[in-house]
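**Student:** I have a structure here, written as structure tokens, and I will follow up with some questions on it.
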Amino acid sequence: MEYRHEWKHEITSFDVRVLEKRLSVVARRDSHAPRGIYEIRSLYFDTAGDHALREKIDGVNPREKFRIRYYSKDTSFIRLEKKSKVNGLCLKDSVPIAEEQVLAILEGDWSWLAKQDLPLFADFYHKLRNRGLRPKTIVDYTREAFSFSPGSVRITLDYQIRTGLSCTDFFNPRTLTVPVPSAPAILEVKWKEFLPDIIRDIIQLPGRQAGSFSKYAACRIYG
């Protein structure tokens, strides 16, 4: 695992189309989905006192959050992820997790995590047991993803952000989620070694500046 630089910009739906056309000329679309477009559903975890949410709002350094995620309604490929932020750099630790294992967690049975020989499972188990991590909210959105080899750059355009509080229905495709009021589209740019000038120039939009928008924080608007 390596720490990555990350920029986030709040943009409009019109900006999405402008950037999509620009990026299509020089960057490669994500090969794991038709035209590089897919749906993401994440289930975020937090403590009873909303530790992760408050750390994000207060800009605590370092901080972390746990989520379980799958793509385009395909529950054969699910990931448990921990995203950490240290001194402005991001790190994502990710391991596969089976649907039946997630269902066990949602039913309050996470003892099996302690028997797994994976550091992320052990860390998640510790936080569930000792810090009271519990499912908080579902976050849905559409993503268009591009990559650019020089600098190991990944660019994503996220939009149609929706939220749902019925966490136990995480795998139900008919689970009701609702649009987050006034949620912008989000441009994310991540890189390891350096950010090439051609990408830096392409993503420039009048009046748009790097920020720290959190989909999880935005989706907690209802509770």
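We name chains A, B, ... following the order of the structure tokens; residues begin at 1 in each chain, and ligands are numbered from 1 as shown.
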Excluding Lys192 (chain A) and residues on its chain fewer than 4 positions from it, collect all residues at most 8 Å away from it, counting only C-alpha atoms, and give them as a PyMOL selection string.
**Tutor:** chain A and resi 2-5+151-153
**Student:** Would you mind exporting the chosen residues as a PDB file, in the first residue's frame, restricted to C-alpha atoms?
**Tutor:**
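Final file, selection21.pdb:
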```
ATOM      1  CA  GLU A   2       1.175   3.491  -0.827  1.00  0.00           C
ATOM      2  CA  TYR A   3      -0.065   6.893   0.220  1.00  0.00           C
ATOM      3  CA  ARG A   4      -1.544   8.967  -2.581  1.00  0.00           C
ATOM      4  CA  HIS A   5      -2.140  12.641  -3.143  1.00  0.00           C
ATOM      5  CA  GLY A 151       2.369   9.595 -12.384  1.00  0.00           C
ATOM      6  CA  SER A 152      -0.088   6.734 -11.694  1.00  0.00           C
ATOM      7  CA  VAL A 153      -3.039   9.120 -11.946  1.00  0.00           C
TER       8      VAL A 153
END
```
**Student:** What are the closest atom pairs, with distances in Å to one decimal, for each residue of region 79-170 of chain A lying within 8 Å of region 205-223 of chain A, using only C-alpha atoms, rows by chain and rising residue number, as JSON lines?
**Tutor:**
```
{"residue": "A:Thr137", "atom": "CA", "partner": "A:Arg220", "partner_atom": "CA", "distance": 7.1}
{"residue": "A:Ile138", "atom": "CA", "partner": "A:Cys219", "partner_atom": "CA", "distance": 7.9}
{"residue": "A:Val139", "atom": "CA", "partner": "A:Cys219", "partner_atom": "CA", "distance": 6.6}
{"residue": "A:Ile161", "atom": "CA", "partner": "A:Lys215", "partner_atom": "CA", "distance": 7.6}
{"residue": "A:Arg162", "atom": "CA", "partner": "A:Cys219", "partner_atom": "CA", "distance": 7.2}
{"residue": "A:Thr163", "atom": "CA", "partner": "A:Cys219", "partner_atom": "CA", "distance": 5.3}
{"residue": "A:Gly164", "atom": "CA", "partner": "A:Cys219", "partner_atom": "CA", "distance": 7.9}
{"residue": "A:Leu165", "atom": "CA", "partner": "A:Gly223", "partner_atom": "CA", "distance": 7.8}
```
**Student:** For the residues in that selection, give me all heavy atoms as a PDB file, in the first residue's frame.
**Tutor:**
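So the final result, stored in out-v2.pdb, reads:
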```pdb
ATOM      1  N   THR A 137     -25.045   4.377   7.321  1.00  0.00           N
ATOM      2  CA  THR A 137     -25.825   4.823   6.173  1.00  0.00           C
ATOM      3  C   THR A 137     -25.313   4.219   4.884  1.00  0.00           C
ATOM      4  O   THR A 137     -24.135   3.880   4.758  1.00  0.00           O
ATOM      5  CB  THR A 137     -25.797   6.364   6.052  1.00  0.00           C
ATOM      6  OG1 THR A 137     -26.767   6.785   5.099  1.00  0.00           O
ATOM      7  CG2 THR A 137     -24.433   6.877   5.635  1.00  0.00           C
ATOM      8  N   ILE A 138     -26.221   4.067   3.925  1.00  0.00           N
ATOM      9  CA  ILE A 138     -25.873   3.635   2.579  1.00  0.00           C
ATOM     10  C   ILE A 138     -25.616   4.875   1.727  1.00  0.00           C
ATOM     11  O   ILE A 138     -26.338   5.861   1.821  1.00  0.00           O
ATOM     12  CB  ILE A 138     -27.013   2.796   1.960  1.00  0.00           C
ATOM     13  CG1 ILE A 138     -27.150   1.455   2.693  1.00  0.00           C
ATOM     14  CG2 ILE A 138     -26.785   2.573   0.465  1.00  0.00           C
ATOM     15  CD1 ILE A 138     -28.367   0.654   2.277  1.00  0.00           C
ATOM     16  N   VAL A 139     -24.589   4.806   0.908  1.00  0.00           N
ATOM     17  CA  VAL A 139     -24.266   5.879  -0.024  1.00  0.00           C
ATOM     18  C   VAL A 139     -24.214   5.295  -1.431  1.00  0.00           C
ATOM     19  O   VAL A 139     -23.438   4.379  -1.697  1.00  0.00           O
ATOM     20  CB  VAL A 139     -22.917   6.544   0.318  1.00  0.00           C
ATOM     21  CG1 VAL A 139     -22.569   7.617  -0.721  1.00  0.00           C
ATOM     22  CG2 VAL A 139     -22.944   7.143   1.720  1.00  0.00           C
ATOM     23  N   ILE A 161     -25.544  11.485  -6.289  1.00  0.00           N
ATOM     24  CA  ILE A 161     -25.303  10.967  -4.940  1.00  0.00           C
ATOM     25  C   ILE A 161     -26.634  10.803  -4.212  1.00  0.00           C
ATOM     26  O   ILE A 161     -27.450  11.720  -4.165  1.00  0.00           O
ATOM     27  CB  ILE A 161     -24.376  11.912  -4.162  1.00  0.00           C
ATOM     28  CG1 ILE A 161     -23.041  12.086  -4.913  1.00  0.00           C
ATOM     29  CG2 ILE A 161     -24.121  11.390  -2.751  1.00  0.00           C
ATOM     30  CD1 ILE A 161     -22.155  13.176  -4.340  1.00  0.00           C
ATOM     31  N   ARG A 162     -26.845   9.618  -3.667  1.00  0.00           N
ATOM     32  CA  ARG A 162     -28.088   9.290  -2.988  1.00  0.00           C
ATOM     33  C   ARG A 162     -27.762   8.667  -1.640  1.00  0.00           C
ATOM     34  O   ARG A 162     -26.682   8.097  -1.440  1.00  0.00           O
ATOM     35  CB  ARG A 162     -28.929   8.319  -3.825  1.00  0.00           C
ATOM     36  CG  ARG A 162     -29.274   8.859  -5.218  1.00  0.00           C
ATOM     37  CD  ARG A 162     -29.985   7.817  -6.060  1.00  0.00           C
ATOM     38  NE  ARG A 162     -31.288   7.463  -5.503  1.00  0.00           N
ATOM     39  CZ  ARG A 162     -32.407   8.129  -5.758  1.00  0.00           C
ATOM     40  NH1 ARG A 162     -32.384   9.189  -6.565  1.00  0.00           N
ATOM     41  NH2 ARG A 162     -33.549   7.747  -5.228  1.00  0.00           N
ATOM     42  N   THR A 163     -28.702   8.738  -0.709  1.00  0.00           N
ATOM     43  CA  THR A 163     -28.479   8.210   0.624  1.00  0.00           C
ATOM     44  C   THR A 163     -29.666   7.373   1.078  1.00  0.00           C
ATOM     45  O   THR A 163     -30.798   7.577   0.641  1.00  0.00           O
ATOM     46  CB  THR A 163     -28.232   9.348   1.638  1.00  0.00           C
ATOM     47  OG1 THR A 163     -27.965   8.787   2.932  1.00  0.00           O
ATOM     48  CG2 THR A 163     -29.443  10.263   1.751  1.00  0.00           C
ATOM     49  N   GLY A 164     -29.392   6.420   1.961  1.00  0.00           N
ATOM     50  CA  GLY A 164     -30.435   5.581   2.542  1.00  0.00           C
ATOM     51  C   GLY A 164     -30.019   5.116   3.918  1.00  0.00           C
ATOM     52  O   GLY A 164     -28.857   4.799   4.142  1.00  0.00           O
ATOM     53  N   LEU A 165     -30.949   5.093   4.849  1.00  0.00           N
ATOM     54  CA  LEU A 165     -30.631   4.721   6.229  1.00  0.00           C
ATOM     55  C   LEU A 165     -31.002   3.284   6.567  1.00  0.00           C
ATOM     56  O   LEU A 165     -30.732   2.819   7.656  1.00  0.00           O
ATOM     57  CB  LEU A 165     -31.333   5.675   7.192  1.00  0.00           C
ATOM     58  CG  LEU A 165     -30.872   7.134   7.117  1.00  0.00           C
ATOM     59  CD1 LEU A 165     -31.694   7.997   8.063  1.00  0.00           C
ATOM     60  CD2 LEU A 165     -29.406   7.247   7.457  1.00  0.00           C
TER      61      LEU A 165
END
```
**Student:** State, in Å with one decimal place, the distance from CA of Pro119 (chain A) to CA of Phe170 (chain A).
**Tutor:**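 Separation between CA of Pro119 (chain A) and CA of Phe170 (chain A): 24.4 Å.
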**Student:** Looking at A:Leu195, A:Val180, A:Ile186, A:Ile97, which one is nearest to Arg154 (chain A), with distances taken over only C-alpha atoms?
**Tutor:**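 Smallest distance to Arg154 (chain A) is found for A:Leu195.
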**Student:** When you look at Gly59 (chain A) with a cut-off of 10 Å (counting only C-alpha atoms), what residues show up, excluding the ones that are within fewer than 5 positions of it in the same chain? I need them as a list of chain:residue names.
**Tutor:**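 What passes the distance filter is A:Leu53, A:Arg54, A:Lys85, A:Ser212.
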**Student:** In region 8-136 of chain A, what's alpha helix (DSSP H) per DSSP? Answer as a PyMOL selection string?
**Tutor:** chain A and resi 13-26+51-58+99-106+119-130
**Student:** Go through A:Arg29, A:Arg35, A:Arg22, A:His51 one by one, measure the shortest atom-to-atom distance of each to Arg200 (chain A) using only C-alpha atoms, and give the residue with the smallest value.
**Tutor:**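 Closest to Arg200 (chain A), using only C-alpha atoms: A:Arg22.
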**Student:** Extract, using only C-alpha atoms, all DNA, RNA and protein residues at most 6 Å from Tyr38 (chain A), discarding same-chain residues fewer than 4 positions from it, and format them as number ranges by chain.
**Tutor:** A: 72, 142-143
**Student:** CA of Asp197 (chain A) and CA of Tyr159 (chain A) are how many Å apart?
**Tutor:**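 According to the coordinates, CA of Asp197 (chain A) and CA of Tyr159 (chain A) are separated by 25.5 Å.
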**Student:** Nearest to Lys73 (chain A): which of A:Val86, A:Ile40, A:Ala48, A:Leu157 is it, counting only C-alpha atoms?
**Tutor:**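 Comparing A:Val86, A:Ile40, A:Ala48, A:Leu157 against Lys73 (chain A), the winner is A:Ile40.
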**Student:** Counting only C-alpha atoms, which residue out of A:Leu23, A:Ile11, A:Cys167, A:Ala122 sits closest to Tyr44 (chain A)?
**Tutor:**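 Under the stated criterion, the closest residue is A:Cys167.
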**Student:** Neighbours of Gln116 (chain A) within 12 Å (only C-alpha atoms; same-chain residues fewer than 4 positions away dropped), as a PyMOL selection string?
**Tutor:** chain A and resi 95+97+101+110-112+120-125
**Student:** Rounded to one decimal, what separation in Å do you get between CA of Leu187 (chain A) and CA of Trp7 (chain A)?
**Tutor:**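 Separation of CA of Leu187 (chain A) and CA of Trp7 (chain A): 8.0 Å.
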**Student:** Tell me which protein, DNA and RNA residues are within 7 Å of region 12-17 of chain A, counting only C-alpha atoms, leaving out same-chain ones fewer than 4 positions away, and put them as a JSON list (two decimals) with C-alpha atoms, in the first residue's frame.
**Tutor:**
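Writing done, so here's part.json:
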```
[["chain", "number", "residue", "atom", "x", "y", "z"],
["A", 21, "LYS", "CA", -14.90, 14.91, -23.26],
["A", 157, "LEU", "CA", -16.32, 11.93, -11.85],
["A", 184, "PRO", "CA", -22.70, 18.62, -6.28],
["A", 185, "ALA", "CA", -20.92, 16.30, -8.65]]
```
**Student:** Can you pull out every residue within 8 Å of Phe45 (chain A), counting only C-alpha atoms, but drop anything in the same chain fewer than 2 positions away, and send it as a ChimeraX atom specification?
**Tutor:** /A:43,47,65-67,133-137
**Student:** Keeping only C-alpha atoms, take the residues you just selected and write them out as a short mmCIF file (atom, residue, chain, number, x, y, z; two decimals), in the first residue's frame.
**Tutor:**
```
data_model
loop_
_atom_site.label_atom_id
_atom_site.label_comp_id
_atom_site.auth_asym_id
_atom_site.auth_seq_id
_atom_site.Cartn_x
_atom_site.Cartn_y
_atom_site.Cartn_z
CA LEU A 43 -22.20 1.03 3.59
CA THR A 47 -19.60 4.90 16.40
CA LYS A 65 -13.29 5.42 8.22
CA PHE A 66 -14.55 1.93 7.36
CA ARG A 67 -16.95 0.99 4.59
CA LEU A 133 -18.58 0.72 15.15
CA ARG A 134 -21.98 0.04 13.60
CA PRO A 135 -23.58 0.46 10.14
CA LYS A 136 -24.70 4.08 9.69
CA THR A 137 -25.83 4.82 6.17
#
```
**Student:** Could you pull out the residues in region 43-187 of chain A that DSSP calls strand (DSSP E) from the backbone, as a PyMOL selection string?
**Tutor:** chain A and resi 43-46+63-71+74-86+89-96+134-148+153-164+178-179+185-187
**Student:** For the selection just defined, write its residues with C-alpha atoms to a file, as a short mmCIF file (atom, residue, chain, number, x, y, z; two decimals), in the first residue's frame.
**Tutor:**
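result.cif, freshly written:
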```
data_model
loop_
_atom_site.label_atom_id
_atom_site.label_comp_id
_atom_site.auth_asym_id
_atom_site.auth_seq_id
_atom_site.Cartn_x
_atom_site.Cartn_y
_atom_site.Cartn_z
CA LEU A 43 -22.20 1.03 3.59
CA TYR A 44 -20.37 3.28 6.05
CA PHE A 45 -19.69 2.47 9.69
CA ASP A 46 -19.37 4.84 12.62
CA ARG A 63 -8.35 10.04 10.68
CA GLU A 64 -9.95 6.90 9.25
CA LYS A 65 -13.29 5.42 8.22
CA PHE A 66 -14.55 1.93 7.36
CA ARG A 67 -16.95 0.99 4.59
CA ILE A 68 -18.18 -2.04 2.66
CA ARG A 69 -18.65 -1.55 -1.07
CA TYR A 70 -19.83 -3.29 -4.23
CA TYR A 71 -20.31 -2.21 -7.82
CA ASP A 74 -22.72 -7.29 -8.52
CA THR A 75 -22.49 -8.88 -5.05
CA SER A 76 -19.94 -11.45 -6.21
CA PHE A 77 -17.23 -8.80 -5.72
CA ILE A 78 -17.52 -6.98 -2.38
CA ARG A 79 -14.73 -5.15 -0.57
CA LEU A 80 -14.16 -4.16 3.03
CA GLU A 81 -12.19 -0.91 2.95
CA LYS A 82 -10.49 1.38 5.44
CA LYS A 83 -9.64 4.83 4.14
CA SER A 84 -7.07 6.78 6.13
CA LYS A 85 -5.88 10.35 5.77
CA VAL A 86 -2.55 11.50 7.21
CA LEU A 89 -2.20 12.09 1.98
CA CYS A 90 -4.67 9.22 1.51
CA LEU A 91 -4.28 5.49 2.00
CA LYS A 92 -6.88 2.83 1.20
CA ASP A 93 -6.61 -0.69 2.60
CA SER A 94 -9.02 -3.15 0.93
CA VAL A 95 -9.81 -6.88 1.16
CA PRO A 96 -12.53 -9.09 -0.37
CA ARG A 134 -21.98 0.04 13.60
CA PRO A 135 -23.58 0.46 10.14
CA LYS A 136 -24.70 4.08 9.69
CA THR A 137 -25.83 4.82 6.17
CA ILE A 138 -25.87 3.63 2.58
CA VAL A 139 -24.27 5.88 -0.02
CA ASP A 140 -25.10 5.38 -3.72
CA TYR A 141 -23.65 7.23 -6.69
CA THR A 142 -22.58 6.92 -10.32
CA ARG A 143 -18.88 7.06 -11.21
CA GLU A 144 -16.98 7.65 -14.44
CA ALA A 145 -13.33 6.66 -14.05
CA PHE A 146 -10.17 7.36 -16.05
CA SER A 147 -6.51 6.53 -15.60
CA PHE A 148 -3.30 8.10 -16.90
CA VAL A 153 -3.04 9.12 -11.95
CA ARG A 154 -6.69 8.17 -11.45
CA ILE A 155 -9.48 10.63 -12.20
CA THR A 156 -13.11 10.02 -11.23
CA LEU A 157 -16.32 11.93 -11.85
CA ASP A 158 -18.98 11.09 -9.25
CA TYR A 159 -22.59 12.27 -9.46
CA GLN A 160 -26.22 11.39 -8.62
CA ILE A 161 -25.30 10.97 -4.94
CA ARG A 162 -28.09 9.29 -2.99
CA THR A 163 -28.48 8.21 0.62
CA GLY A 164 -30.43 5.58 2.54
CA VAL A 178 -33.03 9.50 -2.02
CA PRO A 179 -31.00 12.28 -3.67
CA ALA A 185 -20.92 16.30 -8.65
CA ILE A 186 -17.39 15.53 -7.48
CA LEU A 187 -14.14 15.49 -9.41
#
```
**Student:** Have a look at A:Ala183, A:Ala27, A:Ile37, A:Leu128 and name the one nearest to Leu106 (chain A); count only C-alpha atoms.
**Tutor:**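 Distance minimum relative to Leu106 (chain A) lands on A:Leu128.
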